[in-house]
>>> print(open('start-v3.cif').read())   # mmCIF, C-alpha atoms
data_protein
loop_
_atom_site.label_atom_id
_atom_site.label_comp_id
_atom_site.auth_asym_id
_atom_site.auth_seq_id
_atom_site.Cartn_x
_atom_site.Cartn_y
_atom_site.Cartn_z
CA MET A 1 36.55 -35.58 -50.93
CA ASP A 2 34.47 -37.29 -48.25
CA ARG A 3 30.94 -38.59 -48.75
CA SER A 4 29.14 -35.61 -47.17
CA LYS A 5 30.96 -33.15 -49.43
CA LYS A 6 30.08 -35.25 -52.46
CA GLU A 7 26.43 -35.31 -51.39
CA ASN A 8 26.48 -31.53 -50.99
CA VAL A 9 28.01 -31.09 -54.45
CA VAL A 10 25.39 -33.36 -56.01
CA ALA A 11 22.52 -31.59 -54.20
CA GLU A 12 23.81 -28.13 -55.15
CA LEU A 13 24.32 -29.15 -58.78
CA ASN A 14 20.86 -30.75 -58.89
CA GLU A 15 19.28 -27.48 -57.68
CA LYS A 16 21.20 -25.50 -60.30
CA LEU A 17 20.06 -27.89 -63.01
CA LYS A 18 16.44 -27.48 -61.94
CA LYS A 19 16.75 -23.68 -62.22
CA ALA A 20 18.63 -23.70 -65.54
CA THR A 21 16.96 -23.05 -68.89
CA ILE A 22 19.61 -24.92 -70.90
CA ALA A 23 22.51 -27.24 -70.09
CA VAL A 24 25.39 -28.02 -72.44
CA LEU A 25 28.32 -30.41 -72.08
CA ALA A 26 31.68 -29.65 -73.64
CA ASP A 27 35.09 -31.32 -73.68
CA TYR A 28 37.56 -28.85 -72.21
CA SER A 29 40.81 -30.83 -72.37
CA GLY A 30 43.73 -28.69 -73.44
CA ILE A 31 42.23 -25.31 -72.50
CA LYS A 32 44.49 -22.99 -70.56
CA VAL A 33 43.26 -21.62 -67.22
CA LYS A 34 43.36 -18.07 -68.59
CA ASP A 35 41.10 -19.04 -71.50
CA PHE A 36 38.76 -20.97 -69.21
CA SER A 37 38.46 -17.88 -66.99
CA GLU A 38 37.58 -15.86 -70.08
CA LEU A 39 34.79 -18.34 -70.86
CA ARG A 40 33.48 -18.03 -67.29
CA ASN A 41 33.42 -14.23 -67.59
CA GLU A 42 31.62 -14.32 -70.94
CA LEU A 43 28.97 -16.68 -69.60
CA ARG A 44 28.48 -14.57 -66.47
CA LYS A 45 27.52 -11.64 -68.71
CA THR A 46 24.69 -13.74 -70.16
CA ASP A 47 23.47 -15.07 -66.80
CA GLY A 48 25.22 -18.38 -67.29
CA GLU A 49 28.01 -20.35 -65.68
CA VAL A 50 30.40 -23.18 -66.37
CA LYS A 51 31.06 -25.98 -63.89
CA VAL A 52 33.71 -28.69 -63.89
CA VAL A 53 32.48 -31.67 -61.90
CA LYS A 54 33.46 -35.31 -61.77
CA ASN A 55 31.37 -37.37 -64.19
CA ASN A 56 29.98 -39.72 -61.55
CA LEU A 57 28.79 -36.77 -59.40
CA LEU A 58 27.27 -35.07 -62.43
CA SER A 59 25.53 -38.31 -63.39
CA LEU A 60 23.92 -38.44 -59.95
CA ALA A 61 22.93 -34.76 -60.13
CA LEU A 62 21.29 -35.20 -63.55
CA LYS A 63 18.79 -37.69 -62.15
CA GLU A 64 15.22 -36.40 -61.72
CA THR A 65 15.90 -33.33 -63.88
CA ASP A 66 15.03 -32.43 -67.48
CA TYR A 67 18.69 -32.96 -68.36
CA GLU A 68 19.02 -36.73 -67.83
CA ALA A 69 19.78 -37.15 -71.56
CA LEU A 70 23.20 -35.57 -70.95
CA ASP A 71 24.21 -38.70 -69.04
CA THR A 72 24.99 -40.40 -72.36
CA LEU A 73 27.64 -37.75 -73.15
CA LEU A 74 29.61 -38.21 -69.94
CA GLY A 75 33.10 -39.61 -70.25
CA GLY A 76 36.40 -37.81 -70.24
CA PRO A 77 36.91 -34.23 -69.10
CA ARG A 78 33.53 -32.50 -69.38
CA ALA A 79 32.48 -28.98 -68.50
CA LEU A 80 28.83 -28.30 -67.78
CA VAL A 81 27.53 -24.98 -69.08
CA LEU A 82 24.29 -23.76 -67.51
CA SER A 83 22.22 -20.76 -68.49
CA TYR A 84 19.56 -19.21 -66.29
CA GLY A 85 18.52 -16.39 -68.62
CA ASP A 86 18.62 -15.80 -72.35
CA VAL A 87 19.39 -19.16 -73.95
CA VAL A 88 20.50 -17.67 -77.26
CA ALA A 89 22.98 -15.27 -75.66
CA SER A 90 24.59 -18.05 -73.62
CA ALA A 91 24.73 -20.39 -76.61
CA LYS A 92 26.25 -17.59 -78.69
CA SER A 93 28.94 -16.96 -76.05
CA LEU A 94 29.80 -20.66 -75.86
CA VAL A 95 29.88 -21.19 -79.63
CA ASP A 96 31.95 -18.05 -80.22
CA PHE A 97 34.42 -19.18 -77.57
CA ALA A 98 34.60 -22.66 -79.14
CA LYS A 99 35.35 -21.08 -82.53
CA LYS A 100 38.26 -19.11 -81.03
CA ASN A 101 39.55 -22.04 -78.95
CA ALA A 102 39.74 -25.30 -80.83
CA SER A 103 40.42 -27.12 -77.54
CA LEU A 104 36.79 -26.66 -76.44
CA GLU A 105 34.55 -29.17 -78.18
CA ILE A 106 30.80 -28.86 -77.67
CA LYS A 107 29.30 -32.32 -77.25
CA GLY A 108 25.59 -31.54 -76.93
CA GLY A 109 22.94 -30.06 -74.70
CA VAL A 110 19.37 -30.19 -73.52
CA TYR A 111 16.81 -27.40 -73.83
CA GLU A 112 13.26 -27.79 -72.51
CA GLY A 113 13.72 -31.55 -72.23
CA ALA A 114 14.86 -31.96 -75.86
CA PHE A 115 18.38 -33.13 -76.69
CA LEU A 116 20.36 -30.74 -78.90
CA SER A 117 23.31 -31.87 -80.98
CA ARG A 118 26.36 -29.69 -81.54
CA GLU A 119 24.96 -28.54 -84.90
CA GLN A 120 21.63 -27.60 -83.33
CA LEU A 121 23.43 -25.58 -80.65
CA VAL A 122 25.36 -23.73 -83.36
CA SER A 123 22.04 -22.98 -85.11
CA LEU A 124 20.57 -21.76 -81.83
CA ALA A 125 23.53 -19.45 -81.37
CA ALA A 126 22.95 -18.01 -84.86
CA LEU A 127 19.49 -16.72 -83.90
CA PRO A 128 19.12 -12.98 -83.23
CA SER A 129 19.18 -11.87 -79.63
CA ARG A 130 16.02 -11.57 -77.54
CA GLU A 131 16.03 -7.77 -77.86
CA VAL A 132 16.25 -7.91 -81.67
CA LEU A 133 13.39 -10.42 -81.85
CA GLN A 134 11.27 -8.26 -79.52
CA ALA A 135 11.97 -5.19 -81.67
CA LYS A 136 10.92 -7.05 -84.82
CA LEU A 137 7.72 -8.23 -83.16
CA LEU A 138 6.96 -4.71 -81.92
CA SER A 139 7.48 -3.31 -85.42
CA LEU A 140 4.92 -5.82 -86.72
CA PHE A 141 2.43 -4.74 -84.06
CA VAL A 142 2.93 -1.09 -85.03
CA ALA A 143 2.86 -1.67 -88.80
CA VAL A 144 -0.61 -3.26 -88.94
CA PRO A 145 -2.54 -0.37 -87.31
CA THR A 146 -0.49 2.17 -89.27
CA ARG A 147 -1.44 0.52 -92.56
CA LEU A 148 -5.07 0.31 -91.47
CA VAL A 149 -5.15 4.03 -90.68
CA THR A 150 -3.51 4.80 -94.03
CA VAL A 151 -6.12 2.75 -95.90
CA LEU A 152 -9.02 4.24 -93.94
CA ASN A 153 -7.65 7.75 -94.49
CA ALA A 154 -7.37 7.15 -98.26
CA VAL A 155 -11.16 6.88 -98.75
CA PRO A 156 -12.12 10.35 -97.41
CA GLY A 157 -8.97 11.84 -98.95
CA GLY A 158 -9.96 10.49 -102.36
CA PHE A 159 -13.48 11.86 -101.90
CA VAL A 160 -12.12 15.33 -101.05
CA ARG A 161 -9.85 15.27 -104.12
CA LEU A 162 -12.84 14.24 -106.27
CA LEU A 163 -14.89 17.14 -104.91
CA ASP A 164 -11.99 19.55 -105.48
CA ALA A 165 -11.58 18.33 -109.08
CA TYR A 166 -15.33 18.75 -109.62
CA ARG A 167 -15.15 22.30 -108.16
CA MET A 168 -12.25 23.19 -110.44
CA LYS A 169 -14.13 21.81 -113.43
CA LYS A 170 -17.19 23.94 -112.52
CA GLU A 171 -15.06 27.07 -112.08
CA GLY A 172 -13.36 26.43 -115.41
CA THR A 173 -16.62 26.26 -117.29
CA ASN A 174 -17.97 29.56 -115.84
#
>>> encode(input="start-v3.cif", output="structure tokens")
Amino acid sequence: MDRSKKENVVAELNEKLKKATIAVLADYSGIKVKDFSELRNELRKTDGEVKVVKNNLLSLALKETDYEALDTLLGGPRALVLSYGDVVASAKSLVDFAKKNASLEIKGGVYEGAFLSREQLVSLAALPSREVLQAKLLSLFVAVPTRLVTVLNAVPGGFVRLLDAYRMKKEGTN
């Protein structure tokens, strides 16, 4: 690869890193091409991608991004996983794939400038999806006004029942 191609690869990768919401490095040695293609397809579904780039080019691309901390994990065959959408869905896809394929070893990642260890990425993947969290939040927003209406409705309802009991008592004594 000549120098201009390398510069183009570094520039393209740097732009992708600037757009990404999370970046994860994984050791992919020993993975079959078919399995690696399956990982690519799974990540595409979650608005993510996996890149295999030489370590020295990746090191150059990481400069001046939020993902510079990944430079310490470079060494050996590394795959860079980037997500541009739902972080949890991409992490879940990667962790599930790593569970099925022992050859893929997650080394670490960076999310919003903070370094994440393998264990933290597994915990991130265990979170519910964005849609489930939004549904839970919406149910909380609906529950509070519903309870308020129920409480406010109980006062006049109790008053009406009191009046009805008083009426029945009066009718019973006549």
>>> resolve_selection(input="start-v3.cif", expression="the PyMOL selection byres ((chain A and resi 57-68) around 6)", output="PDB file with C-alpha atoms, keeping the file's coordinate frame")
ATOM      1  CA  VAL A  10      25.390 -33.360 -56.010  1.00  0.00           C
ATOM      2  CA  LEU A  13      24.320 -29.150 -58.780  1.00  0.00           C
ATOM      3  CA  ASN A  14      20.860 -30.750 -58.890  1.00  0.00           C
ATOM      4  CA  LYS A  54      33.460 -35.310 -61.770  1.00  0.00           C
ATOM      5  CA  ASN A  55      31.370 -37.370 -64.190  1.00  0.00           C
ATOM      6  CA  ASN A  56      29.980 -39.720 -61.550  1.00  0.00           C
ATOM      7  CA  ALA A  69      19.780 -37.150 -71.560  1.00  0.00           C
ATOM      8  CA  LEU A  70      23.200 -35.570 -70.950  1.00  0.00           C
ATOM      9  CA  ASP A  71      24.210 -38.700 -69.040  1.00  0.00           C
ATOM     10  CA  VAL A 110      19.370 -30.190 -73.520  1.00  0.00           C
ATOM     11  CA  GLY A 113      13.720 -31.550 -72.230  1.00  0.00           C
TER      12      GLY A 113
END
>>> residues_around(input="start-v3.cif", residues="segment 98-103 of chain A", least_positions_apart="3", cutoff="10 Å", atoms="all atoms listed in the file", output="PyMOL selection string")
chain A and resi 26-32+35-36+39+92-95+106
>>> closest_residue(input="start-v3.cif", among="A:Asp96, A:Ser129, A:Ser123, A:Val24", to="Ala79 of chain A", atoms="only C-alpha atoms")
A:Val24
>>> closest_residue(input="start-v3.cif", among="A:Leu25, A:Val88, A:Lys5, A:Phe159", to="Ser117 of chain A", atoms="all atoms listed in the file")
A:Leu25
>>> residues_around(input="start-v3.cif", residues="Arg40 of chain A", least_positions_apart="5", cutoff="10 Å", atoms="all atoms listed in the file", output="JSON, numbers by chain")
{"A": [34, 35, 45, 48, 49, 50, 51, 81, 93, 94]}
>>> atom_distance(input="start-v3.cif", atom1="atom CA of Tyr111 of chain A", atom2="atom CA of Leu137 of chain A")
23.2 Å
>>> closest_residue(input="start-v3.cif", among="A:Thr72, A:Ser90, A:Leu140, A:Glu105", to="Asn41 of chain A", atoms="all atoms listed in the file")
A:Ser90
>>> atom_distance(input="start-v3.cif", atom1="atom CA of Ala114 of chain A", atom2="atom CA of Lys18 of chain A")
14.7 Å
>>> resolve_selection(input="start-v3.cif", expression="the PyMOL selection byres ((chain A and resi 127) around 12)", output="PDB file with C-alpha atoms, in the frame of the given file")
ATOM      1  CA  ASP A  86      18.620 -15.800 -72.350  1.00  0.00           C
ATOM      2  CA  VAL A  87      19.390 -19.160 -73.950  1.00  0.00           C
ATOM      3  CA  VAL A  88      20.500 -17.670 -77.260  1.00  0.00           C
ATOM      4  CA  ALA A  89      22.980 -15.270 -75.660  1.00  0.00           C
ATOM      5  CA  SER A  90      24.590 -18.050 -73.620  1.00  0.00           C
ATOM      6  CA  ALA A  91      24.730 -20.390 -76.610  1.00  0.00           C
ATOM      7  CA  LYS A  92      26.250 -17.590 -78.690  1.00  0.00           C
ATOM      8  CA  GLN A 120      21.630 -27.600 -83.330  1.00  0.00           C
ATOM      9  CA  LEU A 121      23.430 -25.580 -80.650  1.00  0.00           C
ATOM     10  CA  VAL A 122      25.360 -23.730 -83.360  1.00  0.00           C
ATOM     11  CA  SER A 123      22.040 -22.980 -85.110  1.00  0.00           C
ATOM     12  CA  LEU A 124      20.570 -21.760 -81.830  1.00  0.00           C
ATOM     13  CA  ALA A 125      23.530 -19.450 -81.370  1.00  0.00           C
ATOM     14  CA  ALA A 126      22.950 -18.010 -84.860  1.00  0.00           C
ATOM     15  CA  PRO A 128      19.120 -12.980 -83.230  1.00  0.00           C
ATOM     16  CA  SER A 129      19.180 -11.870 -79.630  1.00  0.00           C
ATOM     17  CA  ARG A 130      16.020 -11.570 -77.540  1.00  0.00           C
ATOM     18  CA  GLU A 131      16.030  -7.770 -77.860  1.00  0.00           C
ATOM     19  CA  VAL A 132      16.250  -7.910 -81.670  1.00  0.00           C
ATOM     20  CA  LEU A 133      13.390 -10.420 -81.850  1.00  0.00           C
TER      21      LEU A 133
END
>>> atom_distance(input="start-v3.cif", atom1="atom CA of Tyr84 of chain A", atom2="atom CA of Thr46 of chain A")
8.4 Å
>>> closest_residue(input="start-v3.cif", among="A:Glu7, A:Glu42, A:Leu73, A:Ser83", to="Ile22 of chain A", atoms="all atoms listed in the file")
A:Ser83
>>> axis_aligned_box(input="start-v3.cif", around="segment 1-18 of chain A", padding_each_side="3 Å", output="JSON")
{"center_x": 26.5, "center_y": -32.0, "center_z": -55.1, "size_x": 26.1, "size_y": 19.1, "size_z": 21.8}
>>> decode(input="start-v3.cif", residues="segment 84-160 of chain A", atoms="C-alpha atoms", output="mmCIF file, in the first residue's frame")
data_model
loop_
_atom_site.group_PDB
_atom_site.id
_atom_site.type_symbol
_atom_site.label_atom_id
_atom_site.label_comp_id
_atom_site.auth_asym_id
_atom_site.auth_seq_id
_atom_site.Cartn_x
_atom_site.Cartn_y
_atom_site.Cartn_z
ATOM 1 C CA TYR A 84 -23.256 5.061 15.036
ATOM 2 C CA GLY A 85 -26.650 4.430 16.618
ATOM 3 C CA ASP A 86 -27.913 2.558 19.646
ATOM 4 C CA VAL A 87 -24.855 1.741 21.751
ATOM 5 C CA VAL A 88 -26.577 -0.986 23.752
ATOM 6 C CA ALA A 89 -27.798 -2.848 20.663
ATOM 7 C CA SER A 90 -24.332 -2.847 19.100
ATOM 8 C CA ALA A 91 -22.681 -3.919 22.354
ATOM 9 C CA LYS A 92 -25.276 -6.675 22.733
ATOM 10 C CA SER A 93 -24.573 -7.943 19.192
ATOM 11 C CA LEU A 94 -20.827 -7.966 19.808
ATOM 12 C CA VAL A 95 -21.042 -9.645 23.226
ATOM 13 C CA ASP A 96 -23.509 -12.271 21.978
ATOM 14 C CA PHE A 97 -21.218 -13.038 19.050
ATOM 15 C CA ALA A 98 -18.212 -13.301 21.393
ATOM 16 C CA LYS A 99 -20.139 -15.763 23.579
ATOM 17 C CA LYS A 100 -20.853 -17.975 20.549
ATOM 18 C CA ASN A 101 -17.334 -17.649 19.121
ATOM 19 C CA ALA A 102 -14.582 -18.100 21.666
ATOM 20 C CA SER A 103 -12.042 -16.892 19.089
ATOM 21 C CA LEU A 104 -13.297 -13.299 19.410
ATOM 22 C CA GLU A 105 -11.938 -11.688 22.554
ATOM 23 C CA ILE A 106 -13.205 -8.233 23.473
ATOM 24 C CA LYS A 107 -10.309 -6.125 24.734
ATOM 25 C CA GLY A 108 -12.044 -2.868 25.666
ATOM 26 C CA GLY A 109 -13.760 0.194 24.311
ATOM 27 C CA VAL A 110 -14.439 3.876 24.711
ATOM 28 C CA TYR A 111 -17.851 5.488 25.145
ATOM 29 C CA GLU A 112 -18.251 9.260 25.486
ATOM 30 C CA GLY A 113 -14.534 9.637 26.205
ATOM 31 C CA ALA A 114 -14.536 7.069 29.037
ATOM 32 C CA PHE A 115 -12.592 3.824 28.751
ATOM 33 C CA LEU A 116 -14.689 0.672 29.182
ATOM 34 C CA SER A 117 -13.188 -2.647 30.178
ATOM 35 C CA ARG A 118 -14.466 -5.948 28.817
ATOM 36 C CA GLU A 119 -16.606 -6.441 31.941
ATOM 37 C CA GLN A 120 -18.142 -2.983 31.589
ATOM 38 C CA LEU A 121 -18.991 -3.699 27.950
ATOM 39 C CA VAL A 122 -20.695 -6.934 28.993
ATOM 40 C CA SER A 123 -22.698 -4.961 31.586
ATOM 41 C CA LEU A 124 -23.620 -2.397 28.931
ATOM 42 C CA ALA A 125 -24.846 -5.184 26.683
ATOM 43 C CA ALA A 126 -27.050 -6.507 29.508
ATOM 44 C CA LEU A 127 -29.066 -3.269 29.628
ATOM 45 C CA PRO A 128 -32.541 -3.292 28.069
ATOM 46 C CA SER A 129 -32.859 -1.906 24.575
ATOM 47 C CA ARG A 130 -33.639 1.750 23.895
ATOM 48 C CA GLU A 131 -37.268 0.924 23.026
ATOM 49 C CA VAL A 132 -37.813 -0.958 26.298
ATOM 50 C CA LEU A 133 -36.320 1.898 28.326
ATOM 51 C CA GLN A 134 -38.496 4.427 26.470
ATOM 52 C CA ALA A 135 -41.597 2.307 27.143
ATOM 53 C CA LYS A 136 -40.779 2.132 30.854
ATOM 54 C CA LEU A 137 -40.268 5.888 31.009
ATOM 55 C CA LEU A 138 -43.544 6.491 29.169
ATOM 56 C CA SER A 139 -45.390 4.213 31.584
ATOM 57 C CA LEU A 140 -44.029 6.304 34.476
ATOM 58 C CA PHE A 141 -45.242 9.496 32.802
ATOM 59 C CA VAL A 142 -48.707 7.982 32.346
ATOM 60 C CA ALA A 143 -48.924 6.444 35.832
ATOM 61 C CA VAL A 144 -48.460 9.689 37.787
ATOM 62 C CA PRO A 145 -51.403 11.613 36.242
ATOM 63 C CA THR A 146 -53.578 8.492 36.385
ATOM 64 C CA ARG A 147 -52.952 8.120 40.118
ATOM 65 C CA LEU A 148 -53.584 11.828 40.645
ATOM 66 C CA VAL A 149 -56.942 11.608 38.869
ATOM 67 C CA THR A 150 -57.844 8.529 40.912
ATOM 68 C CA VAL A 151 -57.045 10.319 44.176
ATOM 69 C CA LEU A 152 -58.891 13.478 43.150
ATOM 70 C CA ASN A 153 -61.896 11.420 42.036
ATOM 71 C CA ALA A 154 -61.995 9.578 45.382
ATOM 72 C CA VAL A 155 -62.928 12.722 47.368
ATOM 73 C CA PRO A 156 -66.194 13.566 45.528
ATOM 74 C CA GLY A 157 -66.982 9.848 45.193
ATOM 75 C CA GLY A 158 -66.674 9.408 48.957
ATOM 76 C CA PHE A 159 -68.876 12.458 49.507
ATOM 77 C CA VAL A 160 -71.573 11.047 47.196
#
